[in-house]
Each structure stands twice: as C-alpha cells, then as structure tokens.
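Participant: So that we are looking at the same thing, I have put the structure below in structure tokens.
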Amino acid sequence: MSVDVARSPTTTRAEAPGAPSRPPKEFDRPRFLKLFTGVFFLFLFAPIVLVVLFSFNSSRSLQDFEGFSLRWYEQFFESESLRDSLIASIEIALITMLIATVLGTMLAYGLVRARTRWSDSFNVLMLIPLVTPEIVAGVSALLLFTQVGLELSVTTIVLAHITFSISYVTVVVRARLASLSLEVEEASMDLGATRWQTFRLVTLPALWPAVLAAGLLVFALSFDDFVLSFFTTGESPQPLPVRIWTQIRFGVRPTINAIGSFMLVVSVLSIGLALLIPRLFGRRESGLKVLLGREGA
Amino acid sequence: MSESRFASAFLLPGALWLLLLFVVPVGFVLALSFGYTDDLGEAFYGTRLDNYERVFDPAFVPVLLRSVGFALATVVLCLLIGYPVAYYIAIFGGRWKNVLIALVVLPFFVNYLIRTYAWIAMLGDDGLVNGVLNSDIRFLNTPWAVIGGLVYGFLVFMILPIFAALDRMDPSLIEAGKDLYGSPWQTFRNVTLPHTIQGVLAGSVLVFLPAVGDFVSASMLGGPEEVMVGNLIQQQFLASDNWPFGAALTSVMMLFLLVWMVLYLRAAAREAREAPA
C-alpha cells in the first residue's frame with residue numbers, strides 16, 4: 001500500500017488546482033512503445049485464442065474453421081479414461097491446496113514472528129523450491145518415492161505438488177503478515193487473550209484474503225503442473241497434463257484443443273477468483289499485489 | 001512460552017516437510033550420481049566417477065553448451081521484449097496498469113503444454129501460418145522454435161520484477177533527467193536503467209533457471225539437433241533407465257545453477273531486509 005504513497009507526487013500535481021496539465025513532450029508520447037506493447041499482447045494471446053477457437057471446429061482441420069461443433073468436447077467427456085484423469089487432476093489440486101495452504105501459512109507466521117538465529121536458514125529453505133528448475137524437483141521426488149518403496153500414484157503426485165506449493169503460499173501470506181501491525185496482536189494479549197486465541201481470533205482473520213488467494217493460486221498451479229506430475233505419476237489415472245503430453249506425442253489432435261480450453265477455463269476461474277478476493281472482503285487493495293506477495297513492499 | 005517460541009513452533013511442520021521432501025531427495029540425487037547400474041539396468045549407490053566422465057564426454061558436451069546457449073538467448077530476448085512492455089505498463093498504464101499486468105500474467109496460467117502445442121498448430125508444416133501464407137516455411141525443428149517456446153513460456157518472470165522496479169521508481173526522476181536536457185536514451189541509461197537494474201537481474205535469473213532445465217519446448221518444437229540437457233535427464237529416468245547417469249546430469253546442472261540461485265536469493269534477502277516491515 002505504500003506504493004500508492006510513493007506514487008502520490010504525480011497524482012497531486014495532476015490534480016493540483018490551476019496547474020495546467022503540461023502538454024506531453026515527445027518522450028511522453030510513446031507511440032512506438034504503445035505499438036510494441038500492442039503487438040506483444042497480440043503474440044501473447046494469439047496461440048491461446050487459436051486453441052479455444054479450434055476446439056469448437058466441426059472438422060479435424062487446424063487451418064480452416066468449418067463450423068461450430070462440440071464434438072471434441074463430447075469426445076473428451078465421453079472418454080472414461082480422460083474423465084478419470086480430469087477427476088484425478090481436480091482431486092490432486094484440491095488436496096494439494098488444502099495441505100499446502102495450512103503448512104505455508106504456518107511457515108509464514110513462523111518466519112515473520114519468530115526471531116531465532118535460524119530465521120535466515122528457514123527463509124532460504126523456503127525460497128529454494130521456487131528457484132529450482134522443476135525437473136530437478138521431479139527427479140528428486142521420483143528417487144525419494146522409489147527409495148522408500150512408495151508406489152507411484154495420485155498420492156505421490158500430491159506429495160510432490162505440496163512440496164513446491166508451500167513456498168508459494170508462504171511468500172503470499174508473509175507479505176500480508178509483514179504489513180500487519182504487531183500492536184493489534186499485543187493489544188489482544190494485553191486484554192487477556194492467550195497467544196493461541198490471539199492467532200485464531202486476531203491474526204488469522206486479517207490473513208484470510210491472502211490465505212484464500214494463495215490457496216487458489218496453488219490450486220491453479222497444481223492443476224496445470226506437468227513436469228512434477230510426469231515424474232511422479234503412476235500408470236492410471238494420470239493427471240490431465242500427462243495425458244496431453246502423451247497425446248501430443250501422437251501428433252496434433254483436435255481433442256487436445258478441447259482439453260486445453262477446458263483446463264484454461266478452470267485455471268482462469270481460480271486465478272480470477274484469487275484476484276477478486278480482497279474485494280470480496282471489502283478491501284480496496286489490488287488482488288494482484290496480494291497474489292504476487294508484493295503487499296506493503 | 002515466549003512470543004518467539006510460540007511462533008517458532010509454527011515453523012516446524014513446513015520446514016520439516018521441505019527438509020524431508022526436498023532437501024533429502026536432492027541428497028539422494030547427488031548420492032546416486034556416483035552409483036552404477038547392473039546388467040539388468042537396476043541402479044545401485046556407489047563411489048564411482050564414471051557417470052561424471054560420461055557427462056563430459058564429447059557426445060554430451062554440445063548438449064550442455066546448447067542448453068546454456070538457448071537459455072541465454074531466451075534471457076536476452078525476454079529482456080528485449082519484456083523491458084519495453086513493463087515500461088509502457090508501469091509508466092503509461094495509468095488506471096489500466098493493474099488490468100494490463102493481470103493480462104500479462106493470465107496466459108501464464110494456461111497450461112504450458114497447451115501453450116507450446118498452440119505454436120505447433122500455428123507454425124507446423126501444415127499449420128495456420130503456412131496455410132494462410134500458402135507457403136511451406138519450416139519453422140519447427142529449428143533452434144529458434146525452441147528458443148521462441150522458452151521465451152513464450154517464461155517471459156512473465158522477466159516482466160513482473162522489472163514492472164515492480166519501475167512501479168516503485170518515482171516518475172519525476174525521469175522528468176528530472178529530461179529537464180536536465182538528457183536525451184531519451186541518456187535519461188534511460190543514466191536514470192531509469194540504474195534504478196531498475198535489480199528488477200532486470202532478478203528477471204534474468206528467474207528466466208534463466210527454468211529455461212536451462214526445460215525439456216518441453218525442445219521436445220515439442222525442436223528436432224534431434226535441438227536436444228537440451230532436460231531431455232537427456234528425462235530420457236535417463238523415464239525411458240532408457242540409466243538413473244545414475246541421469247542423476248549425474250541433474251547434479252551437474254544443479255551445481256551450475258546453484259551460483260545463480262545463491263546470487264538471486266541473497267539479493268532477495270537483502271531487499272526483504274531493506275523493505276519497511
């Protein structure tokens with residue numbers, strides 16, 4: 001929120017009474033930049049729009065749109081094994097979301113409020129999974145599970161997903177926690193509440209928007225994850241991204257467009273909801289900042 | 001129980017989880033990289049260096065170099081594309097700023113496979129572009145197709161930190177630069193860039209790390225000449241079953257990336273300390 005304060009000089013000048021708005025100089029009229037950004041967004045969305053559009057194509061072609069049809073969606077939902085995969089994906093994402101949100105929130109609270117000489121080490125431990133290439137995490141998880149004799153299944157995927165999701169939750173929740181004033185918690189304890197009551201009745205309610213947003217973020221990341229799932233999946237049911245990978249190996253198929261579009265809707269809905277969460281809680285802050293862990297930074 | 005002890009107890013479950021399911025397994029990978037396989041392909045721990053010798057065998061060195069080369073090209077392209085976009089959104093976005101940044105982030109939540117696959121549909125020999133142009137240009141199975149896939153996949157990691165740095169910067173600094181008769185380029189070089197260099201460096205590392213380890217782009221958009229280290233690792237573990245060699249490849253990649261991770265984490269920690277709590 002301090003970002004807004006930093007920005008205020010511009011706003012005050014623009015709104016100052018009588019101050020004529022200075023005609024923008026040459027540099028202020030970034031026609032090139034505007035064009036560049038426009039082209040960038042075009043390239044960013046063109047492939048995605050294409051996938052969604054051709055998921056409704058009545059023919060197999062990926063060049064000509066011949067007519068509207070839902071046959072590829074029918075094929076998707078009528079295939080029992082794909083339906084199993086969809087259910088597995090949702091199951092994995094939900095369990096990952098629940099466990100990672102609890103662990104990540106606790107970790108965030110500990111990182112911000114505990115002053116141990118290990119704080120820096122815990123912080124590094126929490127950040128490393130975020131910057132480790134996924135393939136390293138995948139290989140490590142695969143080795144761990146075979147080492148302890150855990151058969152690869154939906155369970156192993158969930159375990160692997162939770163591991164990288166904890167850090168995302170911690171980053172998001174920690175930013176929110178750091179912007180909370182300690183005094184409120186101290187006041188609560190001065191009034192006779194125990195530490196646990198204070199956490200439950202004062203701290204946690206203030207953290208809810210960030211916790212929920214982090215949970216939805218984790219849901220989307222887990223639902224979309226391919227690399228970790230690929231290394232830790234059993235024979236069946238395999239999560240949807242692994243199925244897509246196998247199908248693409250056999251060549252471009254219209255069913256993939258339907259699966260991809262459907263997954264897109266699920267992820268975009270959960271991220272959209274995450275962005276709206278602060279507003280649902282009646283706060284005016286940007287959901288994006290909450291999600292990027294940049295609150296108060 | 002002191003305030004700090006109470007909070008420390010919260011650290012335990014998450015820290016333990018990360019220790020047991022992340023740190024320990026990475027230790028397994030390092031250990032197995034000194035191992036060997038028997039005639040049946042079963043992997044055993046050991047104290048051999050064979051796998052590392054094989055990693056630096058002339059057959060595999062080009063793959064390692066190519067992975068780094070592709071990743072560097074990806075970083076440069078992401079910077080060239082990402083900086084102007086972040087700049088436009090941060091400085092000129094006005095009340096659309098948040099919407100525009102959300103639009104940048106959104107495609108990142110479309111499954112990476114689907115996004116890469118979309119490029120096959122667009123650029124394939126019988127894809128949309130060749131269909132529209134009525135041509136038969138070969139886009140796929142080239143280094144640029146793979147690099148393009150990586151750029152498309154990881155661009156958001158470049159744009160966000162640069163946007164954050166620009167957003168924090170006081171825009172009147174830029175005006176001051178121009179008031180002092182700096183040309184746009186001089187103002188950019190002497191004022192804007194130094195103020196956002198942290199974002200540029202963070203973005204570069206955040207793009208470089210996943211790009212080096214990626215195997216999706218190379219296996220979907222590239223051919224046999226574009227194999228990256230990620231593809232090799234994936235084959236060792238999931239196809240040809242030489243786990244110790246795969247572990248050695250993973251270890252070499254990890255050690256190489258560790259330098260960049262440490263630099264990034266130290267910068268991030270410094271920023272966290274300096275930021276008002």
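The way I read the labels, and the way they are meant: chains A, B, ... in the order of the structure tokens, residue 1 as the first residue of every chain, and ligand 1 as the first ligand shown, with later ones counted on from there.
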Counting only C-alpha atoms, which residues of segment 174-268 of chain B fall within 8 Å of segment 60-64 of chain B, and what is the closest atom pair for each with its distance in Å at one decimal, ordered by chain and rising number, as a tab-separated table?
Facilitator:
residue	atom	partner	partner_atom	distance
B:Val227	CA	B:Val63	CA	6.5
B:Met228	CA	B:Val63	CA	5.5
B:Val229	CA	B:Leu64	CA	5.8
Participant: Give me a file of those residues, with N, CA and C atoms, as a PDB file, in the first residue's frame.
Facilitator:
ATOM      1  N   VAL B 227      18.222 -31.024 -28.964  1.00  0.00           N
ATOM      2  CA  VAL B 227      18.089 -31.686 -27.665  1.00  0.00           C
ATOM      3  C   VAL B 227      18.785 -30.873 -26.573  1.00  0.00           C
ATOM      4  N   MET B 228      18.102 -30.705 -25.440  1.00  0.00           N
ATOM      5  CA  MET B 228      18.688 -29.976 -24.312  1.00  0.00           C
ATOM      6  C   MET B 228      18.936 -30.946 -23.152  1.00  0.00           C
ATOM      7  N   VAL B 229      19.625 -30.444 -22.137  1.00  0.00           N
ATOM      8  CA  VAL B 229      20.006 -31.332 -21.032  1.00  0.00           C
ATOM      9  C   VAL B 229      18.765 -31.896 -20.330  1.00  0.00           C
TER      10      VAL B 229
END
Participant: Using only C-alpha atoms, which residues sit within 12 Å of segment 186-199 of chain B once same-chain residues fewer than 2 positions away are excluded, as a PyMOL selection string?
Facilitator: (chain A and resi 27) or (chain B and resi 79+82-84+86-87+90-91+157-184+201-206+263-264+266-268+270-271)
Participant: At a cut-off of 6 Å, list the chain A residues touching chain B, using only C-alpha atoms, as number ranges by chain.
Facilitator: A: 37, 47, 63, 103, 106-107, 110, 113-115, 133, 140, 144, 178, 224, 260, 264
Participant: Using only C-alpha atoms, can you tell me which of A:Arg31, A:Arg83, A:Arg60, A:Arg176 comes closest to Val112 of chain A?
Facilitator: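 The closest residue to Val112 of chain A is A:Arg176.
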Participant: For atom CA of Ser181 of chain A and atom CA of Trp118 of chain A, quote the distance in Å rounded to one decimal.
Facilitator: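 Separating atom CA of Ser181 of chain A from atom CA of Trp118 of chain A is a distance of 23.2 Å.
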Participant: Report, in Å to a single decimal, how far apart atom CA of Val265 of chain A and atom CA of Leu130 of chain A are.
Facilitator: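 About the pair atom CA of Leu130 of chain A and atom CA of Val265 of chain A: they are 25.2 Å apart.
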Participant: Between atom CA of Ala141 of chain A and atom CA of Pro244 of chain B, what is the distance in Å, rounded to a tenth?
Facilitator: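 Computed distance, atom CA of Ala141 of chain A to atom CA of Pro244 of chain B, equals 14.8 Å.
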Participant: Go through A:Trp208, A:Ala160, A:Gln247, A:Ser58 one by one, measure the shortest atom-to-atom distance of each to Leu82 of chain A using only C-alpha atoms, and give the residue with the smallest value.
Facilitator: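 Of the candidates, the smallest distance to Leu82 of chain A is held by A:Gln247.
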Participant: Applying 7 Å and only C-alpha atoms, which residues near Leu217 of chain A remain after dropping the ones on its own chain fewer than 3 positions away? List them as an MDAnalysis selection string.
Facilitator: chainID A and resid 213:214 220:221 271 274
Participant: Take the residues from that selection and put them in a file with N, CA and C atoms, as a CSV table (one decimal), in the first residue's frame.
Facilitator:
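Printed below is result-v4.csv as written:
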chain,number,residue,atom,x,y,z
A,213,ALA,N,-6.4,-16.4,-1.4
A,213,ALA,CA,-5.8,-16.1,-2.7
A,213,ALA,C,-4.6,-17.1,-2.9
A,214,ALA,N,-3.8,-17.4,-1.9
A,214,ALA,CA,-2.7,-18.3,-2.1
A,214,ALA,C,-3.2,-19.7,-2.4
A,220,ALA,N,-4.5,-23.6,-9.0
A,220,ALA,CA,-4.2,-23.5,-10.4
A,220,ALA,C,-2.9,-24.0,-10.8
A,221,LEU,N,-1.9,-23.8,-10.0
A,221,LEU,CA,-0.5,-24.3,-10.3
A,221,LEU,C,-0.5,-25.8,-10.3
A,271,ILE,N,-7.8,-18.3,-10.8
A,271,ILE,CA,-6.9,-17.1,-10.6
A,271,ILE,C,-7.8,-15.9,-10.6
A,274,ALA,N,-9.1,-15.5,-7.3
A,274,ALA,CA,-8.0,-15.1,-6.3
A,274,ALA,C,-7.8,-13.6,-6.4
Participant: Counting only C-alpha atoms, which of A:Thr132, A:Ser236, A:Ser165, A:Thr203 gets nearest to Met97 of chain A?
Facilitator: A:Ser165
Participant: As a PyMOL selection string, please: the residues near Gly234 of chain A (cut-off 8 Å, only C-alpha atoms, same-chain neighbours under 4 positions excluded).
Facilitator: chain A and resi 151-154+238
Participant: Leaving out Gly223 of chain B and any residue of its chain fewer than 3 positions from it, which residues lie within 8 Å of it when counting only C-alpha atoms, given as an MDAnalysis selection string?
Facilitator: chainID B and resid 140:142 218:219 226:227
Participant: Can you list, as number ranges by chain, every residue of segment 55-84 of chain B that DSSP puts in alpha helix (DSSP H)?
Facilitator: B: 55, 61-84
Participant: Write the selection just made, keeping C-alpha atoms, as a PDB file, in the first residue's frame?
Facilitator:
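Printed below is result33.pdb as written:
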ATOM      1  CA  VAL B  55      28.557 -36.247 -18.766  1.00  0.00           C
ATOM      2  CA  VAL B  61      29.133 -31.579 -24.092  1.00  0.00           C
ATOM      3  CA  PRO B  62      27.371 -29.988 -27.083  1.00  0.00           C
ATOM      4  CA  VAL B  63      24.044 -30.682 -25.366  1.00  0.00           C
ATOM      5  CA  LEU B  64      25.205 -28.922 -22.202  1.00  0.00           C
ATOM      6  CA  LEU B  65      26.521 -25.943 -24.147  1.00  0.00           C
ATOM      7  CA  ARG B  66      23.374 -25.795 -26.233  1.00  0.00           C
ATOM      8  CA  SER B  67      21.190 -25.735 -23.113  1.00  0.00           C
ATOM      9  CA  VAL B  68      23.132 -22.784 -21.709  1.00  0.00           C
ATOM     10  CA  GLY B  69      23.154 -21.071 -25.112  1.00  0.00           C
ATOM     11  CA  PHE B  70      19.409 -21.480 -25.612  1.00  0.00           C
ATOM     12  CA  ALA B  71      18.752 -20.263 -22.068  1.00  0.00           C
ATOM     13  CA  LEU B  72      20.964 -17.192 -22.555  1.00  0.00           C
ATOM     14  CA  ALA B  73      19.275 -16.363 -25.852  1.00  0.00           C
ATOM     15  CA  THR B  74      15.947 -16.727 -24.058  1.00  0.00           C
ATOM     16  CA  VAL B  75      17.047 -14.288 -21.348  1.00  0.00           C
ATOM     17  CA  VAL B  76      18.209 -11.706 -23.899  1.00  0.00           C
ATOM     18  CA  LEU B  77      15.002 -11.963 -25.917  1.00  0.00           C
ATOM     19  CA  CYS B  78      12.839 -11.801 -22.788  1.00  0.00           C
ATOM     20  CA  LEU B  79      14.719  -8.678 -21.744  1.00  0.00           C
ATOM     21  CA  LEU B  80      14.331  -7.025 -25.159  1.00  0.00           C
ATOM     22  CA  ILE B  81      10.628  -7.804 -25.249  1.00  0.00           C
ATOM     23  CA  GLY B  82       9.859  -7.573 -21.535  1.00  0.00           C
ATOM     24  CA  TYR B  83      11.503  -4.274 -20.632  1.00  0.00           C
ATOM     25  CA  PRO B  84       9.619  -2.070 -23.105  1.00  0.00           C
TER      26      PRO B  84
END
Participant: As an mmCIF file with C-alpha atoms, in the first residue's frame, which residues of segment 5-235 of chain B does DSSP assign to strand (DSSP E or B)?
Facilitator:
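Okay, out.cif is ready:
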data_model
loop_
_atom_site.group_PDB
_atom_site.id
_atom_site.type_symbol
_atom_site.label_atom_id
_atom_site.label_comp_id
_atom_site.auth_asym_id
_atom_site.auth_seq_id
_atom_site.Cartn_x
_atom_site.Cartn_y
_atom_site.Cartn_z
ATOM 1 C CA TYR B 36 26.148 -47.603 -11.233
ATOM 2 C CA THR B 37 23.689 -49.954 -12.898
ATOM 3 C CA ALA B 43 20.573 -48.755 -10.118
ATOM 4 C CA PHE B 44 22.905 -49.024 -7.119
#
